[in-house]
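Pasting query21.cif here (mmCIF, C-alpha atoms):
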data_start
loop_
_atom_site.label_atom_id
_atom_site.label_comp_id
_atom_site.auth_asym_id
_atom_site.auth_seq_id
_atom_site.Cartn_x
_atom_site.Cartn_y
_atom_site.Cartn_z
CA MET I 1 66.57 51.35 79.59
CA ALA I 2 66.05 54.39 77.39
CA ARG I 3 67.88 53.77 74.11
CA HIS I 4 70.56 51.48 75.52
CA LEU I 5 69.96 47.73 75.87
CA ARG I 6 66.23 48.01 75.15
CA PHE I 7 64.52 44.77 76.18
CA ILE I 8 67.84 43.21 77.19
CA ALA I 9 68.40 44.52 80.71
CA ARG I 10 65.72 44.40 83.42
CA THR I 11 63.49 42.11 81.32
CA VAL I 12 61.70 38.97 82.47
CA MET I 13 59.84 36.59 80.18
CA VAL I 14 56.41 35.39 81.28
CA GLN I 15 56.08 31.59 81.40
CA ASP I 16 52.68 30.03 80.56
CA GLY I 17 50.86 33.26 81.30
CA ASP I 18 52.07 33.21 84.91
CA LEU I 19 52.18 36.99 85.44
CA ASP I 20 52.56 36.91 89.23
CA THR I 21 55.73 34.80 89.24
CA ALA I 22 57.28 36.91 86.51
CA TYR I 23 56.49 40.16 88.33
CA LYS I 24 57.84 38.76 91.60
CA THR I 25 61.01 37.63 89.84
CA LEU I 26 61.45 41.06 88.30
CA ASN I 27 60.88 42.74 91.67
CA ARG I 28 63.38 40.45 93.35
CA ILE I 29 66.02 41.17 90.70
CA LEU I 30 65.45 44.91 91.02
CA THR I 31 65.65 44.92 94.82
CA GLN I 32 68.77 42.75 94.81
CA ASP I 33 70.38 45.12 92.34
CA GLY I 34 69.42 48.08 94.54
CA ILE I 35 67.35 49.83 91.87
CA ILE I 36 64.11 50.07 93.90
CA ASP I 37 66.07 51.58 96.82
CA ALA I 38 67.79 54.09 94.57
CA VAL I 39 64.53 55.20 92.94
CA LYS I 40 62.81 55.70 96.31
CA ARG I 41 65.78 57.62 97.67
CA LYS I 42 66.09 59.91 94.66
CA ARG I 43 62.47 61.01 94.82
CA TYR I 44 63.46 63.83 97.17
CA PHE I 45 66.87 65.44 97.47
CA GLU I 46 69.15 63.97 100.14
CA LYS I 47 71.54 66.52 101.58
CA PRO I 48 75.24 65.49 101.54
CA CYS I 49 75.43 65.45 105.35
CA ARG I 50 72.43 63.10 105.55
CA GLU I 51 73.92 60.97 102.78
CA ARG I 52 77.20 60.55 104.70
CA GLN I 53 75.28 59.64 107.88
CA ARG I 54 73.21 57.08 106.00
CA LYS I 55 76.25 55.47 104.33
CA ASN I 56 78.04 55.25 107.66
CA PHE I 57 74.97 53.71 109.28
CA GLU I 58 74.57 51.15 106.46
CA ASN I 59 78.25 50.21 106.73
CA CYS I 60 77.98 49.60 110.48
CA ARG I 61 74.73 47.68 109.98
CA ARG I 62 76.33 45.45 107.34
CA ILE I 63 79.31 44.68 109.56
CA TYR I 64 77.05 43.92 112.53
CA HIS I 65 74.78 41.60 110.53
CA THR I 66 77.62 39.63 108.92
CA GLU I 67 79.37 39.19 112.26
CA MET I 68 76.15 38.11 113.98
CA ALA I 69 75.37 35.62 111.19
CA ARG I 70 78.90 34.25 111.49
CA LYS I 71 78.50 33.90 115.26
CA ILE I 72 75.15 32.15 114.96
CA ALA I 73 76.47 29.76 112.33
CA PHE I 74 79.43 28.97 114.57
CA VAL I 75 77.34 28.45 117.71
CA SER I 76 74.71 26.31 115.95
CA ARG I 77 77.25 23.70 114.79
CA THR I 78 76.06 21.00 117.22
CA ASN I 79 76.55 17.77 115.22
CA ARG I 80 80.24 17.42 114.53
CA GLU I 81 83.00 14.97 115.40
CA ASP I 82 84.42 15.21 118.92
CA PRO I 83 87.17 17.88 118.87
CA TRP I 84 88.67 16.60 122.13
CA LEU I 85 88.85 12.96 121.04
CA GLY I 86 91.71 11.18 122.73
CA CYS I 87 92.09 13.56 125.68
CA MET L 1 76.81 45.76 80.83
CA PHE L 2 77.06 45.81 84.63
CA ASN L 3 73.29 45.59 85.10
CA PHE L 4 73.13 42.74 82.60
CA ARG L 5 75.74 40.75 84.50
CA CYS L 6 73.96 41.42 87.79
CA ALA L 7 70.63 40.43 86.25
CA PHE L 8 72.18 37.29 84.74
CA ASN L 9 73.74 36.22 88.03
CA SER L 10 70.66 36.90 90.13
CA ALA L 11 68.28 35.52 87.49
CA SER L 12 70.27 32.29 87.05
CA ALA L 13 70.45 31.87 90.83
CA LEU L 14 66.73 32.61 91.03
CA CYS L 15 65.95 30.09 88.28
CA ARG L 16 67.74 27.44 90.32
CA GLN L 17 65.95 28.52 93.50
CA LEU L 18 62.54 28.64 91.85
CA LEU L 19 62.80 25.37 89.94
CA THR L 20 64.32 23.02 92.54
CA PRO L 21 61.45 23.18 95.12
CA LEU L 22 58.92 22.78 92.28
CA ASN L 23 60.66 19.60 91.09
CA VAL L 24 60.60 18.18 94.63
CA ASN L 25 56.87 18.88 94.98
CA GLY L 26 56.23 17.52 91.50
CA THR L 27 57.74 14.12 92.27
CA VAL L 28 55.78 13.93 95.55
CA SER L 29 52.50 14.64 93.73
CA GLN L 30 53.19 11.99 91.12
CA CYS L 31 53.41 9.43 93.95
CA GLY L 32 49.73 10.17 94.53
CA SER L 33 49.78 11.69 98.03
CA ARG L 34 47.08 14.18 98.99
CA ARG L 35 48.13 15.28 102.44
CA LEU L 36 48.55 18.97 101.59
CA PRO L 37 45.48 20.23 99.69
CA GLN L 38 46.49 23.87 99.82
CA GLN L 39 49.61 23.07 97.79
CA ARG L 40 47.62 21.53 94.97
CA PRO L 41 48.10 24.51 92.57
CA LEU L 42 51.86 24.20 93.12
CA PHE L 43 51.75 20.48 92.27
CA LEU L 44 49.70 21.16 89.15
CA SER L 45 52.07 23.84 87.92
CA ALA L 46 55.07 21.61 88.70
CA MET L 47 53.47 18.67 86.90
CA ARG L 48 52.62 20.89 83.94
CA HIS L 49 56.21 22.16 83.95
CA GLN L 50 57.64 18.64 84.01
CA GLU L 51 55.20 17.43 81.35
CA ALA L 52 56.05 20.40 79.15
CA GLU L 53 59.74 19.72 79.61
CA ALA L 54 59.33 16.01 78.94
CA SER L 55 57.06 16.45 75.90
CA THR L 56 58.64 19.44 74.13
CA GLY L 57 62.15 19.15 75.58
CA LYS L 58 62.73 22.93 75.46
CA ASP L 59 63.97 24.87 78.48
CA PHE L 60 62.38 28.19 79.41
CA SER L 61 64.81 31.03 80.10
CA TYR L 62 63.86 34.22 81.87
CA PHE L 63 65.97 36.14 79.37
CA PRO L 64 64.38 37.57 76.24
CA PRO L 65 65.62 36.40 72.84
CA MET L 66 68.42 38.73 71.74
CA PRO L 67 67.93 40.58 68.43
CA GLY L 68 71.16 39.08 67.07
CA GLU L 69 70.59 35.39 67.76
CA ASP L 70 67.70 33.58 66.03
CA SER L 71 65.46 31.76 68.52
CA PRO L 72 62.51 29.53 67.52
CA LEU L 73 60.07 31.41 69.79
CA ARG L 74 57.23 33.05 67.89
CA TRP L 75 54.04 34.68 69.13
CA ALA L 76 51.25 34.85 66.52
CA GLY L 77 53.97 34.33 63.94
CA LYS L 78 55.95 37.38 65.08
CA LYS L 79 59.45 37.44 66.49
CA PHE L 80 60.10 39.03 69.88
CA GLU L 81 61.40 42.28 68.31
CA GLU L 82 58.24 42.74 66.20
CA LEU L 83 55.69 42.43 69.01
CA PRO L 84 53.81 45.60 69.95
CA ILE L 85 54.86 47.30 73.19
CA ILE L 86 52.65 48.57 76.00
CA HIS L 87 54.23 51.41 77.93
CA ILE L 88 52.89 51.80 81.47
CA LYS L 89 53.94 54.97 83.25
CA ALA L 90 53.04 54.48 86.91
CA THR L 91 53.52 57.83 88.65
CA TYR L 92 52.54 58.45 92.24
CA ASN L 93 49.40 60.38 91.21
CA ASN L 94 48.27 58.64 88.03
CA THR L 95 48.89 55.74 85.64
CA HIS L 96 49.21 56.14 81.86
CA ILE L 97 49.00 53.22 79.44
CA GLN L 98 50.05 53.56 75.80
CA LEU L 99 50.16 50.83 73.18
CA THR L 100 52.68 51.28 70.36
CA ASP L 101 53.85 48.93 67.64
CA SER L 102 57.45 47.76 67.49
CA THR L 103 58.58 50.87 65.56
CA GLY L 104 57.03 53.27 68.08
CA GLN L 105 53.86 54.41 66.31
CA SER L 106 51.16 54.97 68.92
CA LEU L 107 47.98 52.92 68.58
CA VAL L 108 46.01 53.20 71.83
CA ARG L 109 46.33 55.60 74.74
CA THR L 110 44.44 55.36 78.03
CA SER L 111 44.97 56.65 81.52
CA CYS L 112 43.10 56.75 84.81
CA GLY L 113 41.91 60.26 83.93
CA THR L 114 40.39 59.16 80.61
CA GLU L 115 38.48 56.47 82.50
CA GLY L 116 36.57 59.10 84.46
CA PHE L 117 38.52 59.07 87.69
CA LYS L 118 39.41 62.42 89.21
CA ASN L 119 42.10 63.78 91.57
CA SER L 120 43.06 61.37 94.31
CA LYS L 121 41.06 58.43 92.86
CA LYS L 122 43.46 58.29 89.91
CA SER L 123 46.28 57.22 92.20
CA THR L 124 44.69 53.87 93.09
CA PRO L 125 45.38 50.37 91.79
CA ILE L 126 41.70 49.94 90.90
CA ALA L 127 41.83 52.92 88.54
CA ALA L 128 44.96 51.45 86.93
CA GLN L 129 43.17 48.14 86.49
CA THR L 130 40.20 49.81 84.75
CA ALA L 131 42.61 51.67 82.50
CA GLY L 132 44.31 48.36 81.68
CA ILE L 133 41.03 46.66 80.85
CA SER L 134 39.93 49.47 78.55
CA ALA L 135 43.33 49.59 76.86
CA ALA L 136 43.16 45.82 76.27
CA ALA L 137 39.65 46.15 74.82
CA LYS L 138 40.76 48.89 72.39
CA ALA L 139 43.84 46.82 71.47
CA THR L 140 41.83 43.70 70.64
CA VAL L 141 39.68 45.87 68.35
CA LYS L 142 42.88 46.75 66.47
CA GLY L 143 43.80 43.07 66.28
CA VAL L 144 46.57 42.80 68.87
CA THR L 145 46.99 39.64 70.95
CA PHE L 146 50.57 39.19 72.22
CA VAL L 147 52.28 42.16 73.75
CA ARG L 148 55.46 43.16 75.60
CA VAL L 149 55.05 45.37 78.65
CA VAL L 150 57.41 48.16 79.69
CA VAL L 151 56.82 49.62 83.14
CA LYS L 152 58.17 53.00 84.19
CA GLY L 153 57.95 54.37 87.71
CA LEU L 154 57.05 53.03 91.15
CA GLY L 155 53.43 54.00 91.55
CA PRO L 156 50.36 52.32 92.99
CA GLY L 157 49.17 51.12 89.57
CA ARG L 158 52.35 49.32 88.61
CA LEU L 159 51.16 45.73 88.99
CA SER L 160 47.40 46.23 88.72
CA ALA L 161 47.71 47.82 85.28
CA ILE L 162 49.35 44.65 83.92
CA LYS L 163 46.71 42.60 85.70
CA GLY L 164 44.05 44.72 84.00
CA LEU L 165 45.64 44.03 80.61
CA THR L 166 45.46 40.27 81.13
CA MET L 167 41.89 40.58 82.45
CA GLY L 168 40.96 42.53 79.33
CA GLY L 169 42.23 39.71 77.13
CA LEU L 170 45.79 40.59 76.06
CA GLN L 171 48.59 38.06 76.46
CA VAL L 172 51.70 39.43 78.13
CA VAL L 173 54.91 37.94 76.78
CA SER L 174 57.52 39.79 78.81
CA ILE L 175 57.77 42.48 81.48
CA THR L 176 60.53 45.09 81.29
CA ASP L 177 61.32 47.72 83.84
CA ASN L 178 62.37 51.07 82.41
CA THR L 179 62.27 53.16 85.59
CA PRO L 180 64.61 56.12 85.06
CA VAL L 181 67.56 56.02 87.41
CA PRO L 182 69.68 59.15 87.09
CA HIS L 183 73.38 58.80 87.75
CA ASN L 184 73.11 62.01 89.81
CA GLY L 185 71.65 64.24 87.08
CA CYS L 186 68.92 66.76 87.90
CA ARG L 187 68.48 67.78 91.52
CA PRO L 188 65.07 66.56 92.79
CA ARG L 189 62.80 68.69 94.97
CA LYS L 190 63.54 69.20 98.64
CA ALA L 191 62.57 66.63 101.26
CA ARG L 192 59.04 66.88 102.65
CA ARG L 193 58.60 67.55 106.33
CA ILE L 194 55.16 66.27 107.31
#
Would you mind writing the file's structure down as structure tokens?
Amino acid sequence: MARHLRFIARTVMVQDGDLDTAYKTLNRILTQDGIIDAVKRKRYFEKPCRERQRKNFENCRRIYHTEMARKIAFVSRTNREDPWLGC
Amino acid sequence: MFNFRCAFNSASALCRQLLTPLNVNGTVSQCGSRRLPQQRPLFLSAMRHQEAEASTGKDFSYFPPMPGEDSPLRWAGKKFEELPIIHIKATYNNTHIQLTDSTGQSLVRTSCGTEGFKNSKKSTPIAAQTAGISAAAKATVKGVTFVRVVVKGLGPGRLSAIKGLTMGGLQVVSITDNTPVPHNGCRPRKARRI
């Protein structure tokens, strides 16, 4: 990136001329690191009030999704040893 | 170094994710079953991967060879740091492609505009592909085969320009993303209300 870490960060080697896999890998890395989101958001200015609303919304969304995933994982544990064995 | 650590963690996890299903399919194909014809390309690539691993014994890493450490990888006799670089600037309205050598001296410069496209047609992936093909043709005239690609910007021609380079005959060795991410520097223009 610019003069720092040229060809070290955000670089993916292409294996056997397989461009598509390499590009998909690069895209996945960038989305997981939040770079694609940041670039799209910084295209236009985001007012501080809108930024606070968005951060609040993303916080609530994250909490909701983790709790729902936890609930689903708990409810879908069907094959386990009998917890009431002996009663 | 934060980005590097993130990239390392996600890339190593991705390597594991990408390679394990391929190995499973590879062993199934070697048993000789043909129930899933549409997965044949996957079997072939997995078999090629396993054969390459078995024959050469070297492991492919998604990371580029660092300038400090000496790796045995060479492309046309050149080390990774000496390969020429193709800079692709994919803006929302146009795509520029410039080939420079490893020091930064410009060799070839093409863009959608130089290919004869005008106005809104420049901001299409097809225009970027034509620019890539012409850039590759001019590069092969200068005697360039292996090349590293640096992409800047999130425009429509981001992927199709690299595709055009490979269609024109250049071999891409690595893809780097150099999209500028300001740490809250200049204030961008105001939000559009359509």
Item to check | Result set, the PyMOL selection byres ((chain I) within 8 of (chain L)) on current file, as a ChimeraX atom specification | outcome: /I:1-2,7-15,17,19,22-23,25-26,29,32-33,35,38-39,42-46
Using C-alpha atoms, can you export the residues from the last selection as a tab-separated table (two decimals), in the coordinates of the input?
chain	number	residue	atom	x	y	z
I	1	MET	CA	66.57	51.35	79.59
I	2	ALA	CA	66.05	54.39	77.39
I	7	PHE	CA	64.52	44.77	76.18
I	8	ILE	CA	67.84	43.21	77.19
I	9	ALA	CA	68.40	44.52	80.71
I	10	ARG	CA	65.72	44.40	83.42
I	11	THR	CA	63.49	42.11	81.32
I	12	VAL	CA	61.70	38.97	82.47
I	13	MET	CA	59.84	36.59	80.18
I	14	VAL	CA	56.41	35.39	81.28
I	15	GLN	CA	56.08	31.59	81.40
I	17	GLY	CA	50.86	33.26	81.30
I	19	LEU	CA	52.18	36.99	85.44
I	22	ALA	CA	57.28	36.91	86.51
I	23	TYR	CA	56.49	40.16	88.33
I	25	THR	CA	61.01	37.63	89.84
I	26	LEU	CA	61.45	41.06	88.30
I	29	ILE	CA	66.02	41.17	90.70
I	32	GLN	CA	68.77	42.75	94.81
I	33	ASP	CA	70.38	45.12	92.34
I	35	ILE	CA	67.35	49.83	91.87
I	38	ALA	CA	67.79	54.09	94.57
I	39	VAL	CA	64.53	55.20	92.94
I	42	LYS	CA	66.09	59.91	94.66
I	43	ARG	CA	62.47	61.01	94.82
I	44	TYR	CA	63.46	63.83	97.17
I	45	PHE	CA	66.87	65.44	97.47
I	46	GLU	CA	69.15	63.97	100.14
Item to check | Separation of atom CA of Asp18 of chain I from atom CA of Ser134 of chain L in Å | outcome: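 Distance reported for this atom pair: 21.3 Å.
Atom CA of Val147 of chain L is positioned 24.6 Å from atom CA of Ser123 of chain L.
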When you look at Thr114 of chain L with a cut-off of 10 Å (counting all atoms listed in the file), what residues show up, excluding the ones that are within fewer than 4 positions of it in the same chain? I need them as a PDB file with C-alpha atoms, keeping the file's coordinate frame.
ATOM      1  CA  HIS L  96      49.210  56.140  81.860  1.00  0.00           C
ATOM      2  CA  ARG L 109      46.330  55.600  74.740  1.00  0.00           C
ATOM      3  CA  THR L 110      44.440  55.360  78.030  1.00  0.00           C
ATOM      4  CA  LYS L 118      39.410  62.420  89.210  1.00  0.00           C
ATOM      5  CA  LYS L 122      43.460  58.290  89.910  1.00  0.00           C
ATOM      6  CA  ALA L 131      42.610  51.670  82.500  1.00  0.00           C
ATOM      7  CA  SER L 134      39.930  49.470  78.550  1.00  0.00           C
TER       8      SER L 134
END
Item to check | Interatomic distance, atom CA of Thr100 of chain L to atom CA of Gly34 of chain I (Å, one decimal) | outcome: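 Pair atom CA of Thr100 of chain L / atom CA of Gly34 of chain I returns 29.6 Å.
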Next on the checklist: Counting only C-alpha atoms, find residues at most 10 Å from (44.1, 49.9, 81.8) (file frame) and give them as an MDAnalysis selection string.
Outcome noted: chainID L and resid 88 95:98 109:112 115 126:137 157 160:168
Saved selection, atoms kept: C-alpha atoms, as a tab-separated table (two decimals), in the coordinates of the input:
chain	number	residue	atom	x	y	z
L	88	ILE	CA	52.89	51.80	81.47
L	95	THR	CA	48.89	55.74	85.64
L	96	HIS	CA	49.21	56.14	81.86
L	97	ILE	CA	49.00	53.22	79.44
L	98	GLN	CA	50.05	53.56	75.80
L	109	ARG	CA	46.33	55.60	74.74
L	110	THR	CA	44.44	55.36	78.03
L	111	SER	CA	44.97	56.65	81.52
L	112	CYS	CA	43.10	56.75	84.81
L	115	GLU	CA	38.48	56.47	82.50
L	126	ILE	CA	41.70	49.94	90.90
L	127	ALA	CA	41.83	52.92	88.54
L	128	ALA	CA	44.96	51.45	86.93
L	129	GLN	CA	43.17	48.14	86.49
L	130	THR	CA	40.20	49.81	84.75
L	131	ALA	CA	42.61	51.67	82.50
L	132	GLY	CA	44.31	48.36	81.68
L	133	ILE	CA	41.03	46.66	80.85
L	134	SER	CA	39.93	49.47	78.55
L	135	ALA	CA	43.33	49.59	76.86
L	136	ALA	CA	43.16	45.82	76.27
L	137	ALA	CA	39.65	46.15	74.82
L	157	GLY	CA	49.17	51.12	89.57
L	160	SER	CA	47.40	46.23	88.72
L	161	ALA	CA	47.71	47.82	85.28
L	162	ILE	CA	49.35	44.65	83.92
L	163	LYS	CA	46.71	42.60	85.70
L	164	GLY	CA	44.05	44.72	84.00
L	165	LEU	CA	45.64	44.03	80.61
L	166	THR	CA	45.46	40.27	81.13
L	167	MET	CA	41.89	40.58	82.45
L	168	GLY	CA	40.96	42.53	79.33
Next on the checklist: For this structure, which residues satisfy the selection - the PyMOL selection byres ((chain L and resi 156) around 6) - when it is evaluated on the file as given? I want them as a list in words.
Outcome noted: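 Selected by the PyMOL selection byres ((chain L and resi 156) around 6) in this file: Thr124, Pro125, Gly155, Gly157 and Arg158 of chain L.
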Just to be explicit: take each residue in the selection above, keep C-alpha atoms, and write the result as an mmCIF file, keeping the file's coordinate frame.
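Saved to result12.cif:
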data_model
loop_
_atom_site.group_PDB
_atom_site.id
_atom_site.type_symbol
_atom_site.label_atom_id
_atom_site.label_comp_id
_atom_site.auth_asym_id
_atom_site.auth_seq_id
_atom_site.Cartn_x
_atom_site.Cartn_y
_atom_site.Cartn_z
ATOM 1 C CA THR L 124 44.690 53.870 93.090
ATOM 2 C CA PRO L 125 45.380 50.370 91.790
ATOM 3 C CA GLY L 155 53.430 54.000 91.550
ATOM 4 C CA GLY L 157 49.170 51.120 89.570
ATOM 5 C CA ARG L 158 52.350 49.320 88.610
#
Checklist entry - Written as JSON, numbers by chain, what is the full residue list that the PyMOL selection byres ((chain L and resi 144) around 10) yields on the file shown? => result {"L": [76, 83, 84, 99, 101, 136, 137, 138, 139, 140, 141, 142, 143, 145, 146, 147, 169, 170, 171]}
Could you model all heavy atoms for segment 16-26 of chain I and present them as an mmCIF file, in the frame of the given file?
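Output contents, as saved in part-v3.cif:
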data_model
loop_
_atom_site.group_PDB
_atom_site.id
_atom_site.type_symbol
_atom_site.label_atom_id
_atom_site.label_comp_id
_atom_site.auth_asym_id
_atom_site.auth_seq_id
_atom_site.Cartn_x
_atom_site.Cartn_y
_atom_site.Cartn_z
ATOM 1 N N ASP I 16 54.033 30.614 80.508
ATOM 2 C CA ASP I 16 52.680 30.030 80.560
ATOM 3 C C ASP I 16 51.656 30.997 81.122
ATOM 4 O O ASP I 16 50.737 30.596 81.818
ATOM 5 C CB ASP I 16 52.666 28.742 81.425
ATOM 6 C CG ASP I 16 53.611 27.686 80.896
ATOM 7 O OD1 ASP I 16 53.836 27.683 79.674
ATOM 8 O OD2 ASP I 16 54.131 26.899 81.697
ATOM 9 N N GLY I 17 51.828 32.292 80.827
ATOM 10 C CA GLY I 17 50.860 33.260 81.300
ATOM 11 C C GLY I 17 50.888 33.490 82.793
ATOM 12 O O GLY I 17 49.949 34.042 83.355
ATOM 13 N N ASP I 18 51.968 33.079 83.456
ATOM 14 C CA ASP I 18 52.070 33.210 84.910
ATOM 15 C C ASP I 18 52.635 34.589 85.227
ATOM 16 O O ASP I 18 53.833 34.743 85.455
ATOM 17 C CB ASP I 18 52.973 32.091 85.449
ATOM 18 C CG ASP I 18 52.834 31.954 86.956
ATOM 19 O OD1 ASP I 18 52.018 32.686 87.538
ATOM 20 O OD2 ASP I 18 53.537 31.109 87.533
ATOM 21 N N LEU I 19 51.745 35.605 85.246
ATOM 22 C CA LEU I 19 52.180 36.990 85.440
ATOM 23 C C LEU I 19 52.794 37.199 86.816
ATOM 24 O O LEU I 19 53.789 37.891 86.961
ATOM 25 C CB LEU I 19 50.965 37.903 85.320
ATOM 26 C CG LEU I 19 50.997 39.001 84.267
ATOM 27 C CD1 LEU I 19 49.823 39.916 84.470
ATOM 28 C CD2 LEU I 19 52.274 39.797 84.322
ATOM 29 N N ASP I 20 52.148 36.602 87.863
ATOM 30 C CA ASP I 20 52.560 36.910 89.230
ATOM 31 C C ASP I 20 53.995 36.492 89.480
ATOM 32 O O ASP I 20 54.794 37.231 90.054
ATOM 33 C CB ASP I 20 51.638 36.201 90.233
ATOM 34 C CG ASP I 20 50.275 36.844 90.273
ATOM 35 O OD1 ASP I 20 50.218 38.091 90.249
ATOM 36 O OD2 ASP I 20 49.266 36.117 90.319
ATOM 37 N N THR I 21 54.356 35.265 89.028
ATOM 38 C CA THR I 21 55.730 34.800 89.240
ATOM 39 C C THR I 21 56.714 35.703 88.519
ATOM 40 O O THR I 21 57.750 36.070 89.076
ATOM 41 C CB THR I 21 55.907 33.364 88.718
ATOM 42 O OG1 THR I 21 54.686 32.678 88.843
ATOM 43 C CG2 THR I 21 56.989 32.649 89.472
ATOM 44 N N ALA I 22 56.354 36.072 87.281
ATOM 45 C CA ALA I 22 57.280 36.910 86.510
ATOM 46 C C ALA I 22 57.474 38.255 87.187
ATOM 47 O O ALA I 22 58.605 38.752 87.289
ATOM 48 C CB ALA I 22 56.741 37.096 85.091
ATOM 49 N N TYR I 23 56.362 38.846 87.685
ATOM 50 C CA TYR I 23 56.490 40.160 88.330
ATOM 51 C C TYR I 23 57.298 40.047 89.614
ATOM 52 O O TYR I 23 58.120 40.919 89.924
ATOM 53 C CB TYR I 23 55.094 40.722 88.631
ATOM 54 C CG TYR I 23 55.138 42.125 89.171
ATOM 55 C CD1 TYR I 23 55.364 43.204 88.331
ATOM 56 C CD2 TYR I 23 54.974 42.383 90.528
ATOM 57 C CE1 TYR I 23 55.418 44.487 88.821
ATOM 58 C CE2 TYR I 23 55.022 43.655 91.022
ATOM 59 C CZ TYR I 23 55.247 44.714 90.172
ATOM 60 O OH TYR I 23 55.312 45.998 90.662
ATOM 61 N N LYS I 24 57.070 38.931 90.364
ATOM 62 C CA LYS I 24 57.840 38.760 91.600
ATOM 63 C C LYS I 24 59.313 38.585 91.296
ATOM 64 O O LYS I 24 60.182 39.119 91.998
ATOM 65 C CB LYS I 24 57.324 37.535 92.367
ATOM 66 C CG LYS I 24 56.154 37.822 93.261
ATOM 67 C CD LYS I 24 55.812 36.618 94.124
ATOM 68 C CE LYS I 24 54.412 36.756 94.663
ATOM 69 N NZ LYS I 24 53.873 35.512 95.174
ATOM 70 N N THR I 25 59.613 37.819 90.230
ATOM 71 C CA THR I 25 61.010 37.630 89.840
ATOM 72 C C THR I 25 61.638 38.974 89.493
ATOM 73 O O THR I 25 62.746 39.287 89.952
ATOM 74 C CB THR I 25 61.106 36.694 88.638
ATOM 75 O OG1 THR I 25 60.230 35.594 88.830
ATOM 76 C CG2 THR I 25 62.503 36.195 88.435
ATOM 77 N N LEU I 26 60.914 39.762 88.699
ATOM 78 C CA LEU I 26 61.450 41.060 88.300
ATOM 79 C C LEU I 26 61.705 41.934 89.517
ATOM 80 O O LEU I 26 62.747 42.578 89.639
ATOM 81 C CB LEU I 26 60.471 41.749 87.349
ATOM 82 C CG LEU I 26 60.880 43.114 86.833
ATOM 83 C CD1 LEU I 26 62.066 43.006 85.927
ATOM 84 C CD2 LEU I 26 59.738 43.782 86.096
#
